[in-house]
Amino acid sequence: MEKREVDVAIIGAGTAGMVAYQRVRKVTDKVVLIESGEYGTTCARVGCMPSKLLIAAADSAYGMSRGKLFGISAGDITVDGKRVMERVRSERDRFVDSVVRSVEKFPEEHRIKGNARFAGPNRLIVGNETEIHAQRIIIATGSRPNIPGFLKEAKDRLVLNDDIFEWQDLPESVVVFGPGVIGLELGQALSRLGVRVRMFGVGGAVGPIRDESIRKYALECFNEEFPLDPDSDVKRVERVDGGVAVTFLDGVDSEKTETFEYLLAATGRRPNVDSLDIQNADIELDEKGLPVFDPHTLRCGQSHIFICGDANNALPLLHEAADEGRIAGNNAASYPDVRAGLRRTPLAVVFTDPQIASVGLTIDEVDRRCAGRFAVGEVSFEDQGRSRVIGKNRGLLRVYGEHGSGMFMGAEMFGPAAEHIAHLLAWSAQRRLTVSEMLEMPFYHPVIEEGLRTALKHLNRNLDIGPVPEEGCSDCGPGV
């Protein structure tokens, strides 16, 4: 068995691992990057990018179908499933190739392919060929889909988001389990491309939404496009001729069975740490067998081991994975001088239509942080000027502020241009602006962001700081 001595070993060549590698290499050339699968990040292969390609096709089809709203008709709309999926795969492959080329530029002696497992706190075995003794170790092994046992009864008709992007054509029907980010994005996209969709959830959640007013609004909107029961009572899932039969309670006591061509399991993800023999790392584990770590330094206890990205199951978002790779890489490189890294304001976007966005603290977190001393401002986009002009006037934005200080604390939104408004709010939260300071910023007319101004005015009034907002469409007239 080959034996190697390095300063830092990084397990996983995804987003977090690649960023960590680049940070470590600034300090030492004695580093290895270990990858068990194909190069190319989750985002590029099966996550952010291919899903947005499918959504872009769905948005195009949906936009054409709504032409009559503006007095425009393009005739019958036809969705060519084969061409849709061909473009998804082709563009996806371009993104993956770009990532692969980046990794392949790393020196060959720094790259090792194979499954790594701990043989001791400082020892890793890769496959059965290489033993690595590392002064510091970074775990960046990512995550994988988590599938409840009863869904496996769908057998060969069970698919994950990983599988969808390999389809050669669109199916006739799909049942989706899990109205989280992945389920909502893919389910709505498939529905708008002509696929019959039904969605089931457990516990009542709709995506990452925590504000009950917005959850109810979003649930109503989604149900106008396809059936979505976020707290369903599914009795059976079974493989039958022609697909997957799902038996569920429809209403109070009425049992119903529907058959679908495929079952999409979008039921969350689990960290890839269970194959690492993590018990040999001599670090504290929680009740789920995951390493206990400091979220500011990403250090596991007082050890020389760091964990970042989806592997720590904290913030499974690409920009967070990149930040965590930077923090873990810096600390592994400078160990034992371990320091807290910059954690940015929480920001998350779901690319449904309308979009979902959350910024800063959730309403529950605001309540705890402010001991109940907070206020809420809101705006409906149903009568917002620019939103009505472009026919995207569905949505609700709620913003939260602290009594006394007038500090902006966070927001949730289900509405048009949420991906852009969320960035403005995240920048404001990170700069620790008050609501009054945010209202001093320029707002052009007519834009959707004027709706944000309305919500902030409402919040300032409820904080007993600003005046009572004028009635009517204060977003539409000049000089407001």
# chains A, B, ... in the order shown; residues from 1 in each chain; ligands from 1
call {"tool": "closest_atom_pairs", "arguments": {"of": "segment 220-322 of chain A", "to": "segment 8-11 of chain A", "cutoff": "10 Å", "atoms": "only C-alpha atoms", "output": "Markdown table"}}
result
| residue | atom | partner | partner_atom | distance |
| --- | --- | --- | --- | --- |
| A:Leu276 | CA | A:Ile11 | CA | 9.6 |
| A:His304 | CA | A:Val8 | CA | 9.7 |
| A:Ile305 | CA | A:Val8 | CA | 9.7 |
| A:Phe306 | CA | A:Ile10 | CA | 9.4 |
| A:Ile307 | CA | A:Ile11 | CA | 9.5 |
call {"tool": "residues_around", "arguments": {"residues": "Gly401 of chain A", "least_positions_apart": "2", "cutoff": "7 Å", "atoms": "only C-alpha atoms", "output": "ChimeraX atom specification"}}
result
/A:374-376,399,403,406-409,459
call {"tool": "residues_around", "arguments": {"residues": "segment 216-233 of chain A", "least_positions_apart": "5", "cutoff": "10 Å", "atoms": "only C-alpha atoms", "output": "PyMOL selection string"}}
result
chain A and resi 176-180+184+187-188+191-192+196-207+209+211+247-251+255+352-356+394-396+413-415
call {"tool": "atom_distance", "arguments": {"atom1": "atom CA of Met18 of chain A", "atom2": "atom CA of Val32 of chain A"}}
result
11.0 Å
call {"tool": "residues_around", "arguments": {"residues": "Ala56 of chain A", "least_positions_apart": "4", "cutoff": "10 Å", "atoms": "only C-alpha atoms", "output": "ChimeraX atom specification"}}
result
/A:50-52,60-62,84,88,189,351
call {"tool": "write_last_selection", "arguments": {"atoms": "N, CA, C and O atoms", "output": "compact mmCIF listing (two decimals), in the first residue's frame"}}
result
# COMPACT_ATOMS: atom_id res chain seq x y z
N PRO A 50 -29.10 22.27 -13.99
CA PRO A 50 -30.07 21.54 -14.81
C PRO A 50 -31.51 21.82 -14.40
O PRO A 50 -32.40 21.86 -15.26
N SER A 51 -31.76 22.03 -13.11
CA SER A 51 -33.14 22.33 -12.69
C SER A 51 -33.58 23.67 -13.26
O SER A 51 -34.73 23.83 -13.69
N LYS A 52 -32.69 24.65 -13.31
CA LYS A 52 -33.05 25.96 -13.86
C LYS A 52 -33.25 25.88 -15.37
O LYS A 52 -34.05 26.64 -15.95
N SER A 60 -41.08 29.41 -20.45
CA SER A 60 -41.35 29.78 -21.83
C SER A 60 -42.73 29.28 -22.26
O SER A 60 -43.53 30.02 -22.85
N ALA A 61 -43.02 28.02 -21.96
CA ALA A 61 -44.32 27.44 -22.31
C ALA A 61 -45.46 28.16 -21.60
O ALA A 61 -46.50 28.47 -22.19
N TYR A 62 -45.24 28.45 -20.32
CA TYR A 62 -46.28 29.12 -19.53
C TYR A 62 -46.51 30.54 -20.03
O TYR A 62 -47.66 31.00 -20.13
N VAL A 84 -36.88 19.51 -25.38
CA VAL A 84 -36.71 20.13 -24.06
C VAL A 84 -35.58 19.44 -23.30
O VAL A 84 -34.66 20.09 -22.80
N VAL A 88 -31.71 20.56 -22.02
CA VAL A 88 -31.33 20.44 -20.60
C VAL A 88 -30.02 19.69 -20.47
O VAL A 88 -29.09 20.14 -19.78
N ALA A 189 -42.41 22.87 -12.76
CA ALA A 189 -41.85 22.91 -14.12
C ALA A 189 -42.45 21.80 -14.97
O ALA A 189 -42.86 22.03 -16.12
N PHE A 351 -36.89 28.82 -7.07
CA PHE A 351 -37.20 29.34 -8.40
C PHE A 351 -38.51 28.79 -8.95
O PHE A 351 -38.58 28.32 -10.10
call {"tool": "residues_around", "arguments": {"residues": "Asp241 of chain A", "least_positions_apart": "2", "cutoff": "12 Å", "atoms": "only C-alpha atoms", "output": "PDB file with N, CA and C atoms, in the first residue's frame"}}
result
ATOM      1  N   ALA A 154     -42.140   1.758  -5.281  1.00  0.00           N
ATOM      2  CA  ALA A 154     -42.290   2.162  -6.686  1.00  0.00           C
ATOM      3  C   ALA A 154     -41.299   1.432  -7.584  1.00  0.00           C
ATOM      4  N   ASP A 156     -38.719   0.212 -10.056  1.00  0.00           N
ATOM      5  CA  ASP A 156     -38.002   0.814 -11.181  1.00  0.00           C
ATOM      6  C   ASP A 156     -38.619   2.125 -11.651  1.00  0.00           C
ATOM      7  N   ARG A 157     -39.776   2.491 -11.104  1.00  0.00           N
ATOM      8  CA  ARG A 157     -40.399   3.767 -11.457  1.00  0.00           C
ATOM      9  C   ARG A 157     -40.114   4.859 -10.420  1.00  0.00           C
ATOM     10  N   GLU A 238     -47.492   1.319  -4.719  1.00  0.00           N
ATOM     11  CA  GLU A 238     -47.171  -0.002  -5.276  1.00  0.00           C
ATOM     12  C   GLU A 238     -46.916   0.092  -6.772  1.00  0.00           C
ATOM     13  N   ARG A 239     -46.011  -0.748  -7.220  1.00  0.00           N
ATOM     14  CA  ARG A 239     -45.688  -0.845  -8.649  1.00  0.00           C
ATOM     15  C   ARG A 239     -46.772  -1.664  -9.331  1.00  0.00           C
ATOM     16  N   GLY A 243     -47.126   1.781 -14.321  1.00  0.00           N
ATOM     17  CA  GLY A 243     -46.507   2.792 -13.478  1.00  0.00           C
ATOM     18  C   GLY A 243     -46.592   2.529 -11.993  1.00  0.00           C
ATOM     19  N   VAL A 244     -46.952   3.576 -11.233  1.00  0.00           N
ATOM     20  CA  VAL A 244     -46.990   3.518  -9.777  1.00  0.00           C
ATOM     21  C   VAL A 244     -48.377   3.934  -9.306  1.00  0.00           C
ATOM     22  N   ALA A 245     -49.014   3.081  -8.516  1.00  0.00           N
ATOM     23  CA  ALA A 245     -50.329   3.393  -7.959  1.00  0.00           C
ATOM     24  C   ALA A 245     -50.150   3.955  -6.553  1.00  0.00           C
ATOM     25  N   THR A 259     -52.826   6.427 -10.633  1.00  0.00           N
ATOM     26  CA  THR A 259     -51.627   5.801 -11.185  1.00  0.00           C
ATOM     27  C   THR A 259     -50.825   6.825 -11.975  1.00  0.00           C
ATOM     28  N   PHE A 260     -49.510   6.798 -11.762  1.00  0.00           N
ATOM     29  CA  PHE A 260     -48.602   7.734 -12.411  1.00  0.00           C
ATOM     30  C   PHE A 260     -47.482   6.956 -13.085  1.00  0.00           C
ATOM     31  N   GLU A 261     -46.903   7.556 -14.111  1.00  0.00           N
ATOM     32  CA  GLU A 261     -45.819   6.889 -14.835  1.00  0.00           C
ATOM     33  C   GLU A 261     -44.564   6.770 -13.961  1.00  0.00           C
ATOM     34  N   TYR A 262     -44.279   7.832 -13.169  1.00  0.00           N
ATOM     35  CA  TYR A 262     -43.103   7.822 -12.312  1.00  0.00           C
ATOM     36  C   TYR A 262     -43.437   8.423 -10.946  1.00  0.00           C
TER      37      TYR A 262
END
call {"tool": "atom_distance", "arguments": {"atom1": "atom CA of His110 of chain A", "atom2": "atom CA of Arg343 of chain A"}}
result
28.6 Å
call {"tool": "closest_residue", "arguments": {"among": "A:Val126, A:Val447, A:Val181, A:Leu290", "to": "Ala357 of chain A", "atoms": "only C-alpha atoms"}}
result
A:Val181
call {"tool": "residues_around", "arguments": {"residues": "segment 116-124 of chain A", "least_positions_apart": "3", "cutoff": "12 Å", "atoms": "only C-alpha atoms", "output": "ChimeraX atom specification"}}
result
/A:2-12,32-37,112-113,127-141,272-284,300,303-306
call {"tool": "residues_around", "arguments": {"residues": "Gly329 of chain A", "least_positions_apart": "5", "cutoff": "7 Å", "atoms": "only C-alpha atoms", "output": "list in words"}}
result
Ala20, Tyr21, Arg23 and Val24 of chain A
call {"tool": "write_last_selection", "arguments": {"atoms": "all heavy atoms", "output": "mmCIF file, in the first residue's frame"}}
result
data_model
loop_
_atom_site.group_PDB
_atom_site.id
_atom_site.type_symbol
_atom_site.label_atom_id
_atom_site.label_comp_id
_atom_site.auth_asym_id
_atom_site.auth_seq_id
_atom_site.Cartn_x
_atom_site.Cartn_y
_atom_site.Cartn_z
ATOM 1 N N ALA A 20 -11.919 25.005 -0.573
ATOM 2 C CA ALA A 20 -10.993 24.712 0.522
ATOM 3 C C ALA A 20 -9.596 24.405 -0.025
ATOM 4 O O ALA A 20 -8.583 24.883 0.508
ATOM 5 C CB ALA A 20 -11.505 23.539 1.350
ATOM 6 N N TYR A 21 -9.525 23.617 -1.092
ATOM 7 C CA TYR A 21 -8.243 23.280 -1.704
ATOM 8 C C TYR A 21 -7.493 24.535 -2.142
ATOM 9 O O TYR A 21 -6.290 24.695 -1.899
ATOM 10 C CB TYR A 21 -8.466 22.354 -2.896
ATOM 11 C CG TYR A 21 -7.249 22.185 -3.776
ATOM 12 C CD1 TYR A 21 -6.239 21.286 -3.444
ATOM 13 C CD2 TYR A 21 -7.096 22.955 -4.937
ATOM 14 C CE1 TYR A 21 -5.111 21.152 -4.249
ATOM 15 C CE2 TYR A 21 -5.985 22.824 -5.744
ATOM 16 C CZ TYR A 21 -4.989 21.921 -5.390
ATOM 17 O OH TYR A 21 -3.869 21.798 -6.183
ATOM 18 N N ARG A 23 -7.743 27.506 -1.026
ATOM 19 C CA ARG A 23 -7.283 28.261 0.138
ATOM 20 C C ARG A 23 -6.050 27.612 0.768
ATOM 21 O O ARG A 23 -5.072 28.277 1.117
ATOM 22 C CB ARG A 23 -8.414 28.366 1.164
ATOM 23 C CG ARG A 23 -9.530 29.284 0.735
ATOM 24 C CD ARG A 23 -9.085 30.726 0.833
ATOM 25 N NE ARG A 23 -10.047 31.645 0.221
ATOM 26 C CZ ARG A 23 -10.072 32.943 0.461
ATOM 27 N NH1 ARG A 23 -9.188 33.479 1.285
ATOM 28 N NH2 ARG A 23 -10.948 33.711 -0.144
ATOM 29 N N VAL A 24 -6.096 26.294 0.918
ATOM 30 C CA VAL A 24 -4.987 25.577 1.535
ATOM 31 C C VAL A 24 -3.727 25.708 0.701
ATOM 32 O O VAL A 24 -2.620 25.902 1.220
ATOM 33 C CB VAL A 24 -5.351 24.086 1.725
ATOM 34 C CG1 VAL A 24 -4.115 23.271 2.111
ATOM 35 C CG2 VAL A 24 -6.440 23.937 2.785
#
call {"tool": "select_by_dssp", "arguments": {"residues": "segment 242-447 of chain A", "states": "strand (DSSP E)", "output": "PyMOL selection string"}}
result
chain A and resi 243-249+255-260+262-265+269-271+305-307+347-350+355-360+374-380+396-402+408-415
call {"tool": "write_last_selection", "arguments": {"atoms": "C-alpha atoms", "output": "PDB file, in the first residue's frame"}}
result
ATOM      1  CA  GLY A 243     -46.507   2.792 -13.478  1.00  0.00           C
ATOM      2  CA  VAL A 244     -46.990   3.518  -9.777  1.00  0.00           C
ATOM      3  CA  ALA A 245     -50.329   3.393  -7.959  1.00  0.00           C
ATOM      4  CA  VAL A 246     -50.702   5.735  -4.993  1.00  0.00           C
ATOM      5  CA  THR A 247     -53.621   5.288  -2.604  1.00  0.00           C
ATOM      6  CA  PHE A 248     -54.422   8.255  -0.384  1.00  0.00           C
ATOM      7  CA  LEU A 249     -57.202   9.935   1.547  1.00  0.00           C
ATOM      8  CA  GLU A 255     -59.891   6.831  -0.254  1.00  0.00           C
ATOM      9  CA  LYS A 256     -58.640   7.342  -3.783  1.00  0.00           C
ATOM     10  CA  THR A 257     -56.049   5.621  -5.999  1.00  0.00           C
ATOM     11  CA  GLU A 258     -54.244   7.295  -8.894  1.00  0.00           C
ATOM     12  CA  THR A 259     -51.627   5.801 -11.185  1.00  0.00           C
ATOM     13  CA  PHE A 260     -48.602   7.734 -12.411  1.00  0.00           C
ATOM     14  CA  TYR A 262     -43.103   7.822 -12.312  1.00  0.00           C
ATOM     15  CA  LEU A 263     -42.677   8.664  -8.635  1.00  0.00           C
ATOM     16  CA  LEU A 264     -40.227  11.491  -7.876  1.00  0.00           C
ATOM     17  CA  ALA A 265     -38.786  11.291  -4.367  1.00  0.00           C
ATOM     18  CA  ARG A 269     -30.963  14.834   1.554  1.00  0.00           C
ATOM     19  CA  ARG A 270     -28.568  13.227   4.020  1.00  0.00           C
ATOM     20  CA  PRO A 271     -24.872  13.992   4.593  1.00  0.00           C
ATOM     21  CA  ILE A 305     -10.655  18.091  11.612  1.00  0.00           C
ATOM     22  CA  PHE A 306     -13.025  20.512   9.838  1.00  0.00           C
ATOM     23  CA  ILE A 307     -16.338  19.871   8.085  1.00  0.00           C
ATOM     24  CA  LEU A 347     -30.355  34.216   1.864  1.00  0.00           C
ATOM     25  CA  ALA A 348     -32.363  31.540   0.053  1.00  0.00           C
ATOM     26  CA  VAL A 349     -34.401  31.570  -3.161  1.00  0.00           C
ATOM     27  CA  VAL A 350     -36.760  28.961  -4.632  1.00  0.00           C
ATOM     28  CA  GLN A 355     -40.649  32.755  -6.505  1.00  0.00           C
ATOM     29  CA  ILE A 356     -40.052  32.100  -2.813  1.00  0.00           C
ATOM     30  CA  ALA A 357     -37.339  33.968  -0.914  1.00  0.00           C
ATOM     31  CA  SER A 358     -36.202  34.193   2.687  1.00  0.00           C
ATOM     32  CA  VAL A 359     -33.698  36.693   4.064  1.00  0.00           C
ATOM     33  CA  GLY A 360     -32.144  37.136   7.491  1.00  0.00           C
ATOM     34  CA  PHE A 374     -41.050  43.183  16.856  1.00  0.00           C
ATOM     35  CA  ALA A 375     -43.419  44.354  14.139  1.00  0.00           C
ATOM     36  CA  VAL A 376     -44.374  43.145  10.667  1.00  0.00           C
ATOM     37  CA  GLY A 377     -44.964  45.091   7.485  1.00  0.00           C
ATOM     38  CA  GLU A 378     -46.448  43.559   4.370  1.00  0.00           C
ATOM     39  CA  VAL A 379     -47.525  44.199   0.817  1.00  0.00           C
ATOM     40  CA  SER A 380     -49.696  42.226  -1.567  1.00  0.00           C
ATOM     41  CA  LEU A 396     -47.090  38.554  -0.638  1.00  0.00           C
ATOM     42  CA  LEU A 397     -44.007  40.078   1.029  1.00  0.00           C
ATOM     43  CA  ARG A 398     -43.643  40.367   4.813  1.00  0.00           C
ATOM     44  CA  VAL A 399     -40.755  42.226   6.449  1.00  0.00           C
ATOM     45  CA  TYR A 400     -39.788  42.177  10.137  1.00  0.00           C
ATOM     46  CA  GLY A 401     -38.285  44.909  12.297  1.00  0.00           C
ATOM     47  CA  GLU A 402     -37.258  45.347  15.945  1.00  0.00           C
ATOM     48  CA  PHE A 408     -34.525  45.439   9.847  1.00  0.00           C
ATOM     49  CA  MET A 409     -34.376  41.783  10.955  1.00  0.00           C
ATOM     50  CA  GLY A 410     -35.569  39.619   8.087  1.00  0.00           C
ATOM     51  CA  ALA A 411     -38.235  38.888   5.479  1.00  0.00           C
ATOM     52  CA  GLU A 412     -40.094  36.206   3.599  1.00  0.00           C
ATOM     53  CA  MET A 413     -41.616  36.580   0.173  1.00  0.00           C
ATOM     54  CA  PHE A 414     -43.722  34.683  -2.319  1.00  0.00           C
ATOM     55  CA  GLY A 415     -43.987  36.858  -5.372  1.00  0.00           C
TER      56      GLY A 415
END
